[in-house]
2 protein chains.
Amino acid sequence: MPAIRSRREQYSEATRAAILDAATRRFATSGFAATGLEDVAADIQATRGAVYHHFASKKALFEAVLEEQEVIGFRWIERARAAASDPWQGAMAAMEAFLDQCLDPVYSRIVWQEGPIALGWQAWQESEKKYAYAHIAEILAELVGAGLLSPLPEETATHVCFTMLGSAGMALAQADPADQPRLRAEYGDVFRRMLAGLRATG
Amino acid sequence: MPAIRSRREQYSEATRAAILDAATRRFATSGFAATGLEDVAADIQATRGAVYHHFASKKALFEAVLEEQEVIGFRWIERARAAASDPWQGAMAAMEAFLDQCLDPVYSRIVWQEGPIALGWQAWQESEKKYAYAHIAEILAELVGAGLLSPLPEETATHVCFTMLGSAGMALAQADPADQPRLRAEYGDVFRRMLAGLRATG
DNA sequence: TCGGTTACATACGCTGTGTATGTGGCTACC
DNA sequence: GGTAGCCACATACACAGCGTATGTAACCGA
């Protein structure tokens, strides 16, 4: 990769980033269906031509937006987990960090609400497997490996945890801010009790 | 309501039912977005005019289709639960019946895949509250009342169970038929263990 | 049998996606 | 340092699908 880029390349890169940024805001506030590429283009004083130059389709644009959010979320959660002292604490920290992440309305709406709508349930799930899914599987495997959980059907358990966390995040994100602390505590409580069930010998 | 209906009313009722039926098949096989009202109309040798006469919009048509599936599913599950001898068996039977229901590709696709896409996540969830949601809440309350589960935050626990079951159903529905028995057993296993966690005193 | 209503068909406008073509400014080569 | 080519983007257009306004024929009540 060239460390120095031509003026034109820099401009191009900047517009691409601007499109991505505007699209993120639009998708997060108005949703995928209600957002026209015209709107996105207008937000950055450009035309739909520019958008179609950088992205093959509306769906492709959304995928790029989604990918970005996934990466941000992944890093945030992983950092929280890495800071913990032992696997169990790490898993709990990751859970907390995930719930935090979902309180960001952009993240929760793009990833959990609009994702399945824009890409279709199946494609969205495929995309999730690269991030959240793989992440959870790793954490569970570590817990099982450390003897903290009794053996589990990996794929199924991962899927269940994935969904539980996701829906909790969604519910939190959409709740009245005044209720969020209580809800968050409740979800934490239910999760902990359920995980405790997984601790007993299967 | 008049027990006897005029010829015209009977015809009208029949076309409405035919539209509903055709739409159900189309939505279930091609999805909401890829289904045009033209297709639906053509399936029953009619025009889009007929569709718009009976349903206010494409969305309204889908809502009617969804409602029908919900009612069918609800009845099926409730019957299984009612046949059980005690609350715990009833809850387990309801869970099994739900998984059965999800193996029907029409039900699972309409309710769980296309629902959120067609109505938007929020409206879909509202609609679910009338059926699955209320149903689960009732079952959980019964279990708590019978002392089989320790007290729970009702709304939160309902939401978690709702999502767990739904995603399990979806995963089952989309799995290779050869894997379905194994997966189903695994989900049952994980659920039972997690519910066991809820049994301990919170 | 005749006027009104109802069930549907026909025709059209609008919105939004995608695509084909045009253009001006940057870059690279001589 | 002039020019040829390319690249980033704009403009224009084709096309699909939803919704709506209007037409029409069958039916029903008087």
# chains A, B, ... in the order shown; residues from 1 in each chain; ligands from 1
call {"tool": "residues_around", "arguments": {"residues": "Val51 (chain A)", "least_positions_apart": "6", "cutoff": "10 Å", "atoms": "only C-alpha atoms (C1' of nucleotides)", "output": "PDB file with all heavy atoms, in the first residue's frame"}}
result
ATOM      1  N   THR A  15     -14.797  11.283   0.230  1.00  0.00           N
ATOM      2  CA  THR A  15     -16.220  11.194  -0.128  1.00  0.00           C
ATOM      3  C   THR A  15     -16.782   9.837   0.261  1.00  0.00           C
ATOM      4  O   THR A  15     -17.889   9.752   0.765  1.00  0.00           O
ATOM      5  CB  THR A  15     -16.456  11.405  -1.632  1.00  0.00           C
ATOM      6  OG1 THR A  15     -15.400  10.835  -2.345  1.00  0.00           O
ATOM      7  CG2 THR A  15     -16.592  12.860  -1.961  1.00  0.00           C
ATOM      8  N   ARG A  16     -16.020   8.803   0.045  1.00  0.00           N
ATOM      9  CA  ARG A  16     -16.492   7.477   0.437  1.00  0.00           C
ATOM     10  C   ARG A  16     -16.810   7.437   1.924  1.00  0.00           C
ATOM     11  O   ARG A  16     -17.863   6.950   2.343  1.00  0.00           O
ATOM     12  CB  ARG A  16     -15.430   6.412   0.124  1.00  0.00           C
ATOM     13  CG  ARG A  16     -15.990   5.007   0.103  1.00  0.00           C
ATOM     14  CD  ARG A  16     -14.887   3.969   0.165  1.00  0.00           C
ATOM     15  NE  ARG A  16     -15.134   3.042   1.242  1.00  0.00           N
ATOM     16  CZ  ARG A  16     -15.746   1.870   1.089  1.00  0.00           C
ATOM     17  NH1 ARG A  16     -16.145   1.496  -0.100  1.00  0.00           N
ATOM     18  NH2 ARG A  16     -15.969   1.109   2.125  1.00  0.00           N
ATOM     19  N   ILE A  19     -19.976   9.414   2.615  1.00  0.00           N
ATOM     20  CA  ILE A  19     -21.174   8.657   2.251  1.00  0.00           C
ATOM     21  C   ILE A  19     -21.497   7.649   3.344  1.00  0.00           C
ATOM     22  O   ILE A  19     -22.638   7.538   3.804  1.00  0.00           O
ATOM     23  CB  ILE A  19     -20.964   7.925   0.903  1.00  0.00           C
ATOM     24  CG1 ILE A  19     -20.875   8.931  -0.238  1.00  0.00           C
ATOM     25  CG2 ILE A  19     -22.092   6.935   0.657  1.00  0.00           C
ATOM     26  CD1 ILE A  19     -20.432   8.326  -1.556  1.00  0.00           C
ATOM     27  N   LEU A  20     -20.478   6.926   3.754  1.00  0.00           N
ATOM     28  CA  LEU A  20     -20.662   5.915   4.791  1.00  0.00           C
ATOM     29  C   LEU A  20     -21.228   6.544   6.055  1.00  0.00           C
ATOM     30  O   LEU A  20     -22.145   6.000   6.694  1.00  0.00           O
ATOM     31  CB  LEU A  20     -19.302   5.265   5.092  1.00  0.00           C
ATOM     32  CG  LEU A  20     -19.298   3.797   5.492  1.00  0.00           C
ATOM     33  CD1 LEU A  20     -19.932   2.954   4.418  1.00  0.00           C
ATOM     34  CD2 LEU A  20     -17.874   3.349   5.747  1.00  0.00           C
ATOM     35  N   ALA A  23     -24.836   7.747   5.480  1.00  0.00           N
ATOM     36  CA  ALA A  23     -25.721   6.582   5.386  1.00  0.00           C
ATOM     37  C   ALA A  23     -25.957   5.983   6.762  1.00  0.00           C
ATOM     38  O   ALA A  23     -27.073   5.590   7.102  1.00  0.00           O
ATOM     39  CB  ALA A  23     -25.112   5.541   4.455  1.00  0.00           C
ATOM     40  N   LEU A  37     -31.387   6.805  -1.435  1.00  0.00           N
ATOM     41  CA  LEU A  37     -29.989   7.156  -1.688  1.00  0.00           C
ATOM     42  C   LEU A  37     -29.875   8.636  -2.043  1.00  0.00           C
ATOM     43  O   LEU A  37     -28.839   9.253  -1.849  1.00  0.00           O
ATOM     44  CB  LEU A  37     -29.434   6.278  -2.811  1.00  0.00           C
ATOM     45  CG  LEU A  37     -29.350   4.795  -2.444  1.00  0.00           C
ATOM     46  CD1 LEU A  37     -28.687   4.006  -3.550  1.00  0.00           C
ATOM     47  CD2 LEU A  37     -28.608   4.601  -1.139  1.00  0.00           C
ATOM     48  N   GLU A  38     -30.949   9.169  -2.554  1.00  0.00           N
ATOM     49  CA  GLU A  38     -31.016  10.603  -2.810  1.00  0.00           C
ATOM     50  C   GLU A  38     -30.737  11.393  -1.530  1.00  0.00           C
ATOM     51  O   GLU A  38     -29.972  12.356  -1.539  1.00  0.00           O
ATOM     52  CB  GLU A  38     -32.418  10.950  -3.334  1.00  0.00           C
ATOM     53  CG  GLU A  38     -32.550  12.347  -3.894  1.00  0.00           C
ATOM     54  CD  GLU A  38     -31.849  12.492  -5.235  1.00  0.00           C
ATOM     55  OE1 GLU A  38     -32.034  11.613  -6.085  1.00  0.00           O
ATOM     56  OE2 GLU A  38     -31.107  13.480  -5.415  1.00  0.00           O
ATOM     57  N   VAL A  40     -29.170  10.376   1.191  1.00  0.00           N
ATOM     58  CA  VAL A  40     -27.780  10.189   1.608  1.00  0.00           C
ATOM     59  C   VAL A  40     -26.866  11.106   0.806  1.00  0.00           C
ATOM     60  O   VAL A  40     -26.012  11.804   1.352  1.00  0.00           O
ATOM     61  CB  VAL A  40     -27.351   8.720   1.410  1.00  0.00           C
ATOM     62  CG1 VAL A  40     -25.869   8.552   1.703  1.00  0.00           C
ATOM     63  CG2 VAL A  40     -28.176   7.805   2.304  1.00  0.00           C
ATOM     64  N   ALA A  41     -27.083  11.115  -0.503  1.00  0.00           N
ATOM     65  CA  ALA A  41     -26.241  11.937  -1.377  1.00  0.00           C
ATOM     66  C   ALA A  41     -26.396  13.416  -1.032  1.00  0.00           C
ATOM     67  O   ALA A  41     -25.408  14.149  -0.922  1.00  0.00           O
ATOM     68  CB  ALA A  41     -26.599  11.686  -2.833  1.00  0.00           C
ATOM     69  N   SER A  57     -24.649  -1.152  -4.712  1.00  0.00           N
ATOM     70  CA  SER A  57     -26.096  -1.092  -4.556  1.00  0.00           C
ATOM     71  C   SER A  57     -26.415  -0.542  -3.174  1.00  0.00           C
ATOM     72  O   SER A  57     -25.531  -0.365  -2.332  1.00  0.00           O
ATOM     73  CB  SER A  57     -26.703  -2.482  -4.700  1.00  0.00           C
ATOM     74  OG  SER A  57     -26.279  -3.304  -3.635  1.00  0.00           O
ATOM     75  N   LYS A  58     -27.675  -0.300  -2.959  1.00  0.00           N
ATOM     76  CA  LYS A  58     -28.116   0.185  -1.653  1.00  0.00           C
ATOM     77  C   LYS A  58     -27.763  -0.842  -0.567  1.00  0.00           C
ATOM     78  O   LYS A  58     -27.316  -0.502   0.509  1.00  0.00           O
ATOM     79  CB  LYS A  58     -29.620   0.424  -1.689  1.00  0.00           C
ATOM     80  CG  LYS A  58     -30.185   1.086  -0.451  1.00  0.00           C
ATOM     81  CD  LYS A  58     -31.689   1.221  -0.554  1.00  0.00           C
ATOM     82  CE  LYS A  58     -32.267   1.861   0.702  1.00  0.00           C
ATOM     83  NZ  LYS A  58     -33.739   1.922   0.669  1.00  0.00           N
ATOM     84  N   LEU A  61     -24.136  -0.789   0.246  1.00  0.00           N
ATOM     85  CA  LEU A  61     -23.851   0.347   1.120  1.00  0.00           C
ATOM     86  C   LEU A  61     -24.195   0.004   2.561  1.00  0.00           C
ATOM     87  O   LEU A  61     -23.414   0.236   3.482  1.00  0.00           O
ATOM     88  CB  LEU A  61     -24.640   1.574   0.661  1.00  0.00           C
ATOM     89  CG  LEU A  61     -24.593   2.797   1.582  1.00  0.00           C
ATOM     90  CD1 LEU A  61     -23.176   3.263   1.809  1.00  0.00           C
ATOM     91  CD2 LEU A  61     -25.442   3.931   1.014  1.00  0.00           C
TER      92      LEU A  61
ATOM     93  P    DC D   9     -15.726  11.163  -5.660  1.00  0.00           P
ATOM     94  OP1  DC D   9     -15.501  12.208  -4.659  1.00  0.00           O
ATOM     95  OP2  DC D   9     -15.804   9.755  -5.237  1.00  0.00           O
ATOM     96  O5'  DC D   9     -17.038  11.541  -6.470  1.00  0.00           O
ATOM     97  C5'  DC D   9     -17.125  12.890  -6.922  1.00  0.00           C
ATOM     98  C4'  DC D   9     -17.963  12.985  -8.162  1.00  0.00           C
ATOM     99  O4'  DC D   9     -17.653  11.994  -9.147  1.00  0.00           O
ATOM    100  C3'  DC D   9     -19.467  12.824  -7.961  1.00  0.00           C
ATOM    101  O3'  DC D   9     -20.044  14.109  -7.753  1.00  0.00           O
ATOM    102  C2'  DC D   9     -19.957  12.163  -9.245  1.00  0.00           C
ATOM    103  C1'  DC D   9     -18.682  12.085 -10.097  1.00  0.00           C
ATOM    104  N1   DC D   9     -18.639  10.919 -11.015  1.00  0.00           N
ATOM    105  C2   DC D   9     -18.874  11.142 -12.366  1.00  0.00           C
ATOM    106  O2   DC D   9     -19.104  12.284 -12.756  1.00  0.00           O
ATOM    107  N3   DC D   9     -18.860  10.085 -13.228  1.00  0.00           N
ATOM    108  C4   DC D   9     -18.606   8.872 -12.766  1.00  0.00           C
ATOM    109  N4   DC D   9     -18.585   7.867 -13.651  1.00  0.00           N
ATOM    110  C5   DC D   9     -18.346   8.620 -11.382  1.00  0.00           C
ATOM    111  C6   DC D   9     -18.380   9.672 -10.545  1.00  0.00           C
TER     112       DC D   9
END
call {"tool": "interface_residues", "arguments": {"of": "chain A", "to": "chain C", "cutoff": "12 Å", "atoms": "only C-alpha atoms (C1' of nucleotides)", "output": "PyMOL selection string"}}
result
chain A and resi 5-12+33-39+48-49+51-53+55-59
call {"tool": "write_last_selection", "arguments": {"atoms": "N, CA and C atoms", "output": "compact mmCIF listing (two decimals), in the first residue's frame"}}
result
# COMPACT_ATOMS: atom_id res chain seq x y z
N ARG A 5 -0.64 9.19 -0.91
CA ARG A 5 -1.72 9.03 -1.90
C ARG A 5 -1.90 10.33 -2.66
N SER A 6 -2.28 10.16 -3.89
CA SER A 6 -2.48 11.35 -4.73
C SER A 6 -3.66 12.17 -4.20
N ARG A 7 -3.68 13.40 -4.60
CA ARG A 7 -4.76 14.29 -4.17
C ARG A 7 -6.11 13.67 -4.51
N ARG A 8 -6.22 13.16 -5.71
CA ARG A 8 -7.49 12.61 -6.15
C ARG A 8 -7.91 11.41 -5.30
N GLU A 9 -6.93 10.58 -4.97
CA GLU A 9 -7.25 9.43 -4.13
C GLU A 9 -7.73 9.87 -2.76
N GLN A 10 -7.11 10.92 -2.24
CA GLN A 10 -7.53 11.42 -0.93
C GLN A 10 -8.96 11.93 -0.99
N TYR A 11 -9.27 12.70 -2.02
CA TYR A 11 -10.62 13.20 -2.18
C TYR A 11 -11.61 12.05 -2.24
N SER A 12 -11.28 11.11 -3.06
CA SER A 12 -12.17 9.97 -3.25
C SER A 12 -12.43 9.25 -1.94
N ALA A 33 -35.45 0.98 4.83
CA ALA A 33 -36.48 1.12 3.79
C ALA A 33 -36.81 2.58 3.52
N ALA A 34 -36.91 3.36 4.58
CA ALA A 34 -37.35 4.75 4.42
C ALA A 34 -36.23 5.68 3.98
N THR A 35 -35.04 5.17 3.88
CA THR A 35 -33.92 6.01 3.46
C THR A 35 -33.68 5.86 1.97
N GLY A 36 -33.74 6.95 1.26
CA GLY A 36 -33.43 6.95 -0.17
C GLY A 36 -31.98 7.34 -0.38
N LEU A 37 -31.39 6.81 -1.43
CA LEU A 37 -29.99 7.16 -1.69
C LEU A 37 -29.87 8.64 -2.04
N GLU A 38 -30.95 9.17 -2.55
CA GLU A 38 -31.02 10.60 -2.81
C GLU A 38 -30.74 11.39 -1.53
N ASP A 39 -31.37 10.97 -0.44
CA ASP A 39 -31.18 11.64 0.85
C ASP A 39 -29.72 11.59 1.27
N ARG A 48 -26.67 10.85 -6.40
CA ARG A 48 -26.70 9.40 -6.28
C ARG A 48 -25.59 8.75 -7.11
N GLY A 49 -25.16 9.45 -8.14
CA GLY A 49 -24.06 8.93 -8.94
C GLY A 49 -22.84 8.63 -8.09
N VAL A 51 -22.74 7.93 -4.95
CA VAL A 51 -23.00 6.76 -4.11
C VAL A 51 -22.79 5.49 -4.92
N TYR A 52 -23.37 5.48 -6.13
CA TYR A 52 -23.26 4.26 -6.94
C TYR A 52 -21.85 4.05 -7.47
N HIS A 53 -21.06 5.11 -7.47
CA HIS A 53 -19.68 4.93 -7.86
C HIS A 53 -18.90 4.16 -6.79
N PHE A 55 -20.38 2.36 -4.15
CA PHE A 55 -21.05 1.15 -3.67
C PHE A 55 -21.95 0.58 -4.75
N ALA A 56 -21.92 -0.70 -4.89
CA ALA A 56 -22.61 -1.36 -6.00
C ALA A 56 -24.12 -1.22 -5.91
N SER A 57 -24.65 -1.15 -4.71
CA SER A 57 -26.10 -1.09 -4.56
C SER A 57 -26.41 -0.54 -3.17
N LYS A 58 -27.68 -0.30 -2.96
CA LYS A 58 -28.12 0.19 -1.65
C LYS A 58 -27.76 -0.84 -0.57
N LYS A 59 -27.98 -2.09 -0.92
CA LYS A 59 -27.68 -3.17 0.01
C LYS A 59 -26.19 -3.21 0.33
call {"tool": "atom_distance", "arguments": {"atom1": "CA of Phe62 (chain A)", "atom2": "CA of Gln125 (chain A)"}}
result
14.7 Å
call {"tool": "interface_residues", "arguments": {"of": "chain A", "to": "chain B", "cutoff": "7 Å", "atoms": "only C-alpha atoms", "output": "short mmCIF file (atom, residue, chain, number, x, y, z; two decimals) with all heavy atoms, in the first residue's frame"}}
result
data_model
loop_
_atom_site.label_atom_id
_atom_site.label_comp_id
_atom_site.auth_asym_id
_atom_site.auth_seq_id
_atom_site.Cartn_x
_atom_site.Cartn_y
_atom_site.Cartn_z
N GLN A 113 -31.68 -4.09 14.48
CA GLN A 113 -33.00 -3.84 13.91
C GLN A 113 -32.98 -3.87 12.40
O GLN A 113 -33.69 -4.63 11.77
CB GLN A 113 -33.52 -2.46 14.37
CG GLN A 113 -34.21 -2.49 15.70
CD GLN A 113 -34.95 -1.19 15.92
OE1 GLN A 113 -34.53 -0.34 16.68
NE2 GLN A 113 -36.08 -1.03 15.24
N ILE A 117 -33.61 -6.73 8.36
CA ILE A 117 -34.53 -6.18 7.37
C ILE A 117 -33.82 -5.93 6.06
O ILE A 117 -34.30 -6.30 4.99
CB ILE A 117 -35.15 -4.86 7.89
CG1 ILE A 117 -36.04 -5.16 9.09
CG2 ILE A 117 -35.92 -4.15 6.80
CD1 ILE A 117 -36.64 -3.93 9.73
N TRP A 121 -33.00 -12.13 6.83
CA TRP A 121 -32.61 -12.79 8.06
C TRP A 121 -31.38 -13.66 7.86
O TRP A 121 -30.44 -13.63 8.65
CB TRP A 121 -33.78 -13.65 8.53
CG TRP A 121 -33.75 -13.92 9.99
CD1 TRP A 121 -34.25 -13.11 10.97
CD2 TRP A 121 -33.19 -15.05 10.64
NE1 TRP A 121 -34.04 -13.68 12.19
CE2 TRP A 121 -33.41 -14.88 12.03
CE3 TRP A 121 -32.56 -16.20 10.20
CZ2 TRP A 121 -32.98 -15.81 12.96
CZ3 TRP A 121 -32.13 -17.13 11.14
CH2 TRP A 121 -32.34 -16.93 12.50
N PRO A 153 -23.55 -28.51 23.77
CA PRO A 153 -23.54 -28.55 22.31
C PRO A 153 -23.15 -27.17 21.82
O PRO A 153 -23.93 -26.21 21.94
CB PRO A 153 -24.98 -28.90 21.94
CG PRO A 153 -25.79 -28.58 23.15
CD PRO A 153 -24.89 -28.71 24.33
N THR A 156 -25.39 -24.92 19.28
CA THR A 156 -26.70 -24.59 19.83
C THR A 156 -26.58 -23.61 20.99
O THR A 156 -27.31 -22.61 21.05
CB THR A 156 -27.40 -25.88 20.30
OG1 THR A 156 -27.54 -26.75 19.18
CG2 THR A 156 -28.75 -25.57 20.89
N ALA A 157 -25.67 -23.89 21.91
CA ALA A 157 -25.52 -23.01 23.07
C ALA A 157 -25.11 -21.61 22.62
O ALA A 157 -25.61 -20.60 23.13
CB ALA A 157 -24.48 -23.59 24.02
N VAL A 160 -28.13 -19.82 21.26
CA VAL A 160 -29.06 -19.38 22.30
C VAL A 160 -28.51 -18.15 23.01
O VAL A 160 -29.23 -17.17 23.22
CB VAL A 160 -29.31 -20.52 23.31
CG1 VAL A 160 -30.07 -20.01 24.52
CG2 VAL A 160 -30.09 -21.65 22.65
N THR A 163 -28.73 -15.03 20.82
CA THR A 163 -30.06 -14.46 20.71
C THR A 163 -30.51 -13.81 22.00
O THR A 163 -31.12 -12.74 21.98
CB THR A 163 -31.06 -15.57 20.34
OG1 THR A 163 -30.47 -16.41 19.38
CG2 THR A 163 -32.32 -14.97 19.81
N MET A 164 -30.21 -14.47 23.11
CA MET A 164 -30.60 -13.88 24.39
C MET A 164 -29.97 -12.52 24.55
O MET A 164 -30.65 -11.56 24.91
CB MET A 164 -30.11 -14.78 25.53
CG MET A 164 -31.07 -15.89 25.87
SD MET A 164 -30.53 -16.85 27.33
CE MET A 164 -29.10 -15.98 27.91
N SER A 167 -31.44 -9.89 21.98
CA SER A 167 -32.79 -9.39 22.27
C SER A 167 -32.79 -8.53 23.51
O SER A 167 -33.53 -7.55 23.60
CB SER A 167 -33.76 -10.55 22.42
OG SER A 167 -33.52 -11.21 23.62
N GLU A 186 -32.22 -6.50 35.63
CA GLU A 186 -33.08 -7.68 35.52
C GLU A 186 -32.52 -8.68 34.51
O GLU A 186 -32.48 -9.89 34.76
CB GLU A 186 -34.49 -7.28 35.12
CG GLU A 186 -35.27 -6.60 36.23
CD GLU A 186 -36.68 -6.26 35.82
OE1 GLU A 186 -37.07 -6.57 34.67
OE2 GLU A 186 -37.40 -5.66 36.63
N TYR A 187 -32.09 -8.18 33.38
CA TYR A 187 -31.52 -9.08 32.38
C TYR A 187 -30.26 -9.75 32.93
O TYR A 187 -30.06 -10.95 32.77
CB TYR A 187 -31.20 -8.33 31.08
CG TYR A 187 -32.39 -8.20 30.19
CD1 TYR A 187 -33.01 -6.97 29.99
CD2 TYR A 187 -32.94 -9.32 29.57
CE1 TYR A 187 -34.12 -6.85 29.18
CE2 TYR A 187 -34.05 -9.21 28.76
CZ TYR A 187 -34.64 -7.97 28.56
OH TYR A 187 -35.74 -7.87 27.79
N VAL A 190 -31.45 -12.53 35.25
CA VAL A 190 -31.98 -13.71 34.56
C VAL A 190 -30.85 -14.47 33.87
O VAL A 190 -30.78 -15.71 33.94
CB VAL A 190 -33.07 -13.30 33.55
CG1 VAL A 190 -33.45 -14.49 32.68
CG2 VAL A 190 -34.29 -12.75 34.27
N ARG A 193 -28.73 -16.42 36.37
CA ARG A 193 -29.41 -17.62 36.87
C ARG A 193 -29.44 -18.70 35.80
O ARG A 193 -29.27 -19.89 36.09
CB ARG A 193 -30.82 -17.25 37.33
CG ARG A 193 -30.80 -16.56 38.68
CD ARG A 193 -32.08 -15.86 39.00
NE ARG A 193 -33.18 -16.78 39.25
CZ ARG A 193 -34.43 -16.38 39.53
NH1 ARG A 193 -34.70 -15.09 39.58
NH2 ARG A 193 -35.37 -17.27 39.75
N MET A 194 -29.66 -18.29 34.56
CA MET A 194 -29.70 -19.29 33.50
C MET A 194 -28.34 -19.93 33.28
O MET A 194 -28.21 -21.13 33.10
CB MET A 194 -30.20 -18.65 32.20
CG MET A 194 -31.71 -18.42 32.22
SD MET A 194 -32.29 -17.81 30.64
CE MET A 194 -34.03 -18.27 30.73
N LEU A 195 -27.31 -19.09 33.33
CA LEU A 195 -25.97 -19.63 33.17
C LEU A 195 -25.63 -20.57 34.31
O LEU A 195 -24.93 -21.57 34.14
CB LEU A 195 -24.95 -18.49 33.08
CG LEU A 195 -24.97 -17.74 31.75
CD1 LEU A 195 -24.02 -16.55 31.79
CD2 LEU A 195 -24.61 -18.66 30.60
N ALA A 196 -26.14 -20.23 35.48
CA ALA A 196 -25.92 -21.11 36.62
C ALA A 196 -26.47 -22.51 36.33
O ALA A 196 -25.90 -23.52 36.73
CB ALA A 196 -26.57 -20.53 37.87
N GLY A 197 -27.59 -22.53 35.61
CA GLY A 197 -28.16 -23.82 35.22
C GLY A 197 -27.21 -24.60 34.33
O GLY A 197 -27.15 -25.83 34.39
N LEU A 198 -26.45 -23.91 33.52
CA LEU A 198 -25.50 -24.58 32.64
C LEU A 198 -24.28 -25.10 33.41
O LEU A 198 -23.51 -25.91 32.90
CB LEU A 198 -25.04 -23.63 31.53
CG LEU A 198 -26.12 -23.16 30.57
CD1 LEU A 198 -25.52 -22.28 29.49
CD2 LEU A 198 -26.84 -24.34 29.95
#
call {"tool": "atom_distance", "arguments": {"atom1": "CA of Ala60 (chain A)", "atom2": "CA of Glu126 (chain A)"}}
result
14.8 Å
call {"tool": "closest_residue", "arguments": {"among": "D:DC7, D:DA21, D:DC27, D:DC13", "to": "chain B", "atoms": "only C-alpha atoms (C1' of nucleotides)"}}
result
D:DC27
call {"tool": "atom_distance", "arguments": {"atom1": "CA of Thr158 (chain A)", "atom2": "CA of Ala141 (chain A)"}}
result
9.5 Å
call {"tool": "interface_residues", "arguments": {"of": "chain D", "to": "chain A", "cutoff": "12 Å", "atoms": "only C-alpha atoms (C1' of nucleotides)", "output": "JSON, numbers by chain"}}
result
{"D": [6, 7, 8, 9, 10, 11, 12]}
call {"tool": "residues_around", "arguments": {"residues": "region 84-99 of chain B", "least_positions_apart": "5", "cutoff": "7 Å", "atoms": "only C-alpha atoms (C1' of nucleotides)", "output": "short mmCIF file (atom, residue, chain, number, x, y, z; two decimals) with all heavy atoms, in the first residue's frame"}}
result
data_model
loop_
_atom_site.label_atom_id
_atom_site.label_comp_id
_atom_site.auth_asym_id
_atom_site.auth_seq_id
_atom_site.Cartn_x
_atom_site.Cartn_y
_atom_site.Cartn_z
N ILE B 77 -50.61 -24.89 19.99
CA ILE B 77 -49.80 -24.95 21.20
C ILE B 77 -50.68 -25.07 22.44
O ILE B 77 -50.41 -25.87 23.34
CB ILE B 77 -48.89 -23.70 21.29
CG1 ILE B 77 -47.86 -23.75 20.16
CG2 ILE B 77 -48.21 -23.62 22.64
CD1 ILE B 77 -47.14 -22.44 19.93
N GLU B 78 -51.73 -24.30 22.44
CA GLU B 78 -52.61 -24.32 23.61
C GLU B 78 -53.24 -25.70 23.80
O GLU B 78 -53.37 -26.19 24.92
CB GLU B 78 -53.70 -23.24 23.46
CG GLU B 78 -54.47 -22.97 24.73
CD GLU B 78 -53.56 -22.74 25.94
OE1 GLU B 78 -52.45 -22.17 25.77
OE2 GLU B 78 -53.94 -23.15 27.03
N ILE B 139 -47.82 -18.82 30.99
CA ILE B 139 -47.21 -20.08 31.39
C ILE B 139 -46.19 -19.86 32.51
O ILE B 139 -46.19 -20.59 33.51
CB ILE B 139 -46.53 -20.75 30.17
CG1 ILE B 139 -47.60 -21.18 29.16
CG2 ILE B 139 -45.70 -21.95 30.61
CD1 ILE B 139 -47.04 -21.77 27.88
N GLU B 142 -47.87 -19.17 35.75
CA GLU B 142 -48.43 -20.40 36.32
C GLU B 142 -47.34 -21.20 37.03
O GLU B 142 -47.53 -21.73 38.13
CB GLU B 142 -49.07 -21.23 35.22
CG GLU B 142 -49.97 -22.34 35.77
CD GLU B 142 -50.45 -23.27 34.67
OE1 GLU B 142 -49.76 -23.39 33.64
OE2 GLU B 142 -51.51 -23.86 34.83
N LEU B 143 -46.18 -21.28 36.39
CA LEU B 143 -45.08 -22.04 36.99
C LEU B 143 -44.61 -21.40 38.29
O LEU B 143 -44.34 -22.10 39.27
CB LEU B 143 -43.91 -22.15 36.00
CG LEU B 143 -44.15 -23.02 34.77
CD1 LEU B 143 -42.94 -22.99 33.85
CD2 LEU B 143 -44.50 -24.45 35.17
N GLY B 169 -36.64 -21.93 17.11
CA GLY B 169 -37.57 -22.33 16.05
C GLY B 169 -37.04 -21.98 14.67
O GLY B 169 -37.06 -22.80 13.74
#
call {"tool": "select_by_dssp", "arguments": {"residues": "region 32-75 of chain A", "states": "helix (DSSP H, G or I)", "output": "number ranges by chain"}}
result
A: 37-43, 48-54, 58-75
